[in-house]
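Asks: Take this structure first; my questions come after.
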Amino acid sequence: MENNLETPDVTFNRDEEIPVKVLTSEEFSSIKTMGGLAAVFAIGAIIPYIGSILSLASIVLFLIAFHKISVASEKRSIFTNIGFSYLIGFVAVIVLIAFIVITFLDYFRDFSYNFYDEDDIYMFINTIKENLLTTIIGIFVLFYIIAITCAYLWKMSLDKTAVFFNDKAFKTAGLLYVIGAATIILCGLGALVNLAGHIVLAVAFFSAKYPKTN
C-alpha cells in the first residue's frame, strides 16, 4: 500500500520546532522595538560620557526582549543563555576589581611599614615589575576565555531566535559575536567584528517578520 504523507513546511533549521504560542501584534511589536533599540544602544556604548548609560539600557532591553521571545517560543534557554552571559561578565568584572584593589593594598601596606627604607622601596618596585607582566597575561587569558564563553551563549540563543523568526540574520549576528570574541587579540579586529554583529542584530530585529505558528 502506498503511503502518501504530506511533508510539512520546515524552516532552514530542521532540528528546531517552530513556535507554538501565538503572539499578539502588540507583543511582536514590543519585541522588535526593544530588541532593535537594545542593539543600537549597544553600538552607542562606545560614545564617551553617555556610553555607560546606553550600555545599561541595552542590557535591560535585551533581557526583556529575549525573555519575551523565550516565552513565546517556549524555549527557556533563549533567555537563560543571555542571562548567564551577563552574569558571568558581571562577576568577572567584580572579581577583577577586587583582585586589583586587594593586591595593591597589600603591596602598599608592606611598603608603608618601611617607607624610609631605601632597600624596601627598590624591592617594592622590583616586585611590581616582576609580577606585573605575569599578572596581566593571566588576567587577559582569563577574560579571553570568558569573552568566548559569553559570545557562545549568545550564539546559542540567537540560533534559536533565528528559528523563531525564520530569519538567518539572527544566526549571522551570533556567529559574528563568536568571531569577534575570538579575534579580540588581533589589534582590535574583534571589536569591529563585534560592532558588525550589533548592527546585523539591530537590522534583524527591526526587519523581523511575524513568526509562523503551528
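Just so we're on the same page: first chain in the C-alpha cells is A, next is B, and so on; residues restart at 1 for each chain, and ligands are numbered from 1 in the order they show up.
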Write out as a ChimeraX atom specification which residues come within 6 Å of range 191-199 of chain A when counting only C-alpha atoms, dropping same-chain ones fewer than 4 positions away.
Replies: /A:39,173,176-177,180
Asks: For the contact check between range 55-78 of chain A and range 149-168 of chain A, emit one row per residue of range 55-78 of chain A within 8 Å, containing the shortest atom pair and the distance in Å rounded to one decimal, counting only C-alpha atoms, chain then rising number order, as JSON lines.
Replies:
```
{"residue": "A:Ile69", "atom": "CA", "partner": "A:Thr161", "partner_atom": "CA", "distance": 7.4}
{"residue": "A:Ser73", "atom": "CA", "partner": "A:Phe164", "partner_atom": "CA", "distance": 6.5}
{"residue": "A:Ser77", "atom": "CA", "partner": "A:Ser157", "partner_atom": "CA", "distance": 6.9}
{"residue": "A:Ile78", "atom": "CA", "partner": "A:Ser157", "partner_atom": "CA", "distance": 4.4}
```
Asks: Write out the residues from the selection above, keeping N, CA and C atoms, as a short mmCIF file (atom, residue, chain, number, x, y, z; two decimals), in the first residue's frame.
Replies:
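Contents of the output file selection.cif:
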```cif
data_model
loop_
_atom_site.label_atom_id
_atom_site.label_comp_id
_atom_site.auth_asym_id
_atom_site.auth_seq_id
_atom_site.Cartn_x
_atom_site.Cartn_y
_atom_site.Cartn_z
N ILE A 69 10.76 36.50 23.94
CA ILE A 69 10.95 35.51 22.88
C ILE A 69 10.97 34.10 23.45
N SER A 73 8.31 31.34 22.29
CA SER A 73 8.80 30.16 21.57
C SER A 73 8.82 28.92 22.45
N SER A 77 15.80 28.40 27.28
CA SER A 77 17.25 28.60 27.15
C SER A 77 17.60 29.87 26.37
N ILE A 78 16.68 30.37 25.56
CA ILE A 78 16.95 31.61 24.83
C ILE A 78 17.23 32.74 25.83
#
```
Asks: What gap, in Å, lies between CA of Ala204 in chain A and CA of Gly89 in chain A?
Replies: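 We find that CA of Ala204 in chain A and CA of Gly89 in chain A lie 24.6 Å from each other.
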Asks: Would you mind listing what lies within 12 Å of Val141 in chain A as a JSON list (two decimals) with N, CA and C atoms, in the first residue's frame, with only C-alpha atoms counted and same-chain residues fewer than 5 positions away left out?
Replies:
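Listed below is the output, result.json:
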```
[["chain", "number", "residue", "atom", "x", "y", "z"],
["A", 134, "THR", "N", 53.26, 38.91, 34.31],
["A", 134, "THR", "CA", 52.59, 37.63, 34.56],
["A", 134, "THR", "C", 51.13, 37.84, 34.93],
["A", 135, "THR", "N", 50.88, 38.84, 35.77],
["A", 135, "THR", "CA", 49.51, 39.12, 36.20],
["A", 135, "THR", "C", 48.65, 39.57, 35.03],
["A", 136, "ILE", "N", 49.21, 40.47, 34.21],
["A", 136, "ILE", "CA", 48.45, 40.98, 33.05],
["A", 136, "ILE", "C", 48.12, 39.85, 32.09],
["A", 146, "ILE", "N", 36.52, 33.93, 29.06],
["A", 146, "ILE", "CA", 35.18, 34.38, 29.47],
["A", 146, "ILE", "C", 34.45, 35.03, 28.30],
["A", 147, "ALA", "N", 35.17, 35.84, 27.53],
["A", 147, "ALA", "CA", 34.56, 36.53, 26.39],
["A", 147, "ALA", "C", 34.04, 35.53, 25.36],
["A", 148, "ILE", "N", 34.82, 34.50, 25.07],
["A", 148, "ILE", "CA", 34.40, 33.49, 24.11],
["A", 148, "ILE", "C", 33.20, 32.70, 24.65],
["A", 182, "ALA", "N", 36.74, 35.81, 19.55],
["A", 182, "ALA", "CA", 37.93, 35.01, 19.27],
["A", 182, "ALA", "C", 39.06, 35.83, 18.68],
["A", 184, "ILE", "N", 39.56, 39.17, 19.28],
["A", 184, "ILE", "CA", 39.76, 40.41, 20.03],
["A", 184, "ILE", "C", 41.25, 40.70, 20.24],
["A", 185, "ILE", "N", 42.08, 39.67, 20.18],
["A", 185, "ILE", "CA", 43.52, 39.84, 20.40],
["A", 185, "ILE", "C", 44.22, 40.41, 19.17]]
```
Asks: Lys32 in chain A: which residues within 8 Å, counting only C-alpha atoms, same-chain residues fewer than 3 positions away excluded, as a list in words?
Replies: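 Listed by chain and then number, they are Phe28, Ser29, Gly35, Gly36, Ala65, Phe205, Phe206, Ser207 and Ala208 of chain A.
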Asks: Take the selection from the previous step and output its residues with C-alpha atoms, as an mmCIF file, in the first residue's frame.
Replies:
```cif
data_model
loop_
_atom_site.group_PDB
_atom_site.id
_atom_site.type_symbol
_atom_site.label_atom_id
_atom_site.label_comp_id
_atom_site.auth_asym_id
_atom_site.auth_seq_id
_atom_site.Cartn_x
_atom_site.Cartn_y
_atom_site.Cartn_z
ATOM 1 C CA PHE A 28 5.537 41.217 18.479
ATOM 2 C CA SER A 29 5.973 44.960 18.004
ATOM 3 C CA GLY A 35 15.497 44.184 20.643
ATOM 4 C CA GLY A 36 16.367 46.673 17.928
ATOM 5 C CA ALA A 65 13.169 41.170 24.658
ATOM 6 C CA PHE A 205 15.107 42.869 14.968
ATOM 7 C CA PHE A 206 13.718 45.936 13.184
ATOM 8 C CA SER A 207 13.051 43.974 9.978
ATOM 9 C CA ALA A 208 11.728 40.808 11.667
#
```
Asks: Would you mind telling me which residue in A:Ser30, A:Tyr49, A:Ala38, A:Asn81 lies nearest to Phe62 in chain A when using only C-alpha atoms?
Replies: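 Closest to Phe62 in chain A, using only C-alpha atoms: A:Ala38.
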Asks: When you draw a straight line from CA of Leu133 in chain A to CA of Ile94 in chain A, how long is it in Å?
Replies: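 A separation of 21.1 Å between them.
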Asks: Set the distance at 9 Å and use only C-alpha atoms: which residues neighbour Gly44 in chain A once local chain neighbours fewer than 5 positions away are removed? I'd like the list as a PyMOL selection string.
Replies: chain A and resi 39+50-51+54-55
Asks: Any idea what the distance is between CA of Ser58 in chain A and CA of Ala98 in chain A?
Replies: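 Interatomic distance, CA of Ser58 in chain A to CA of Ala98 in chain A: 25.4 Å.
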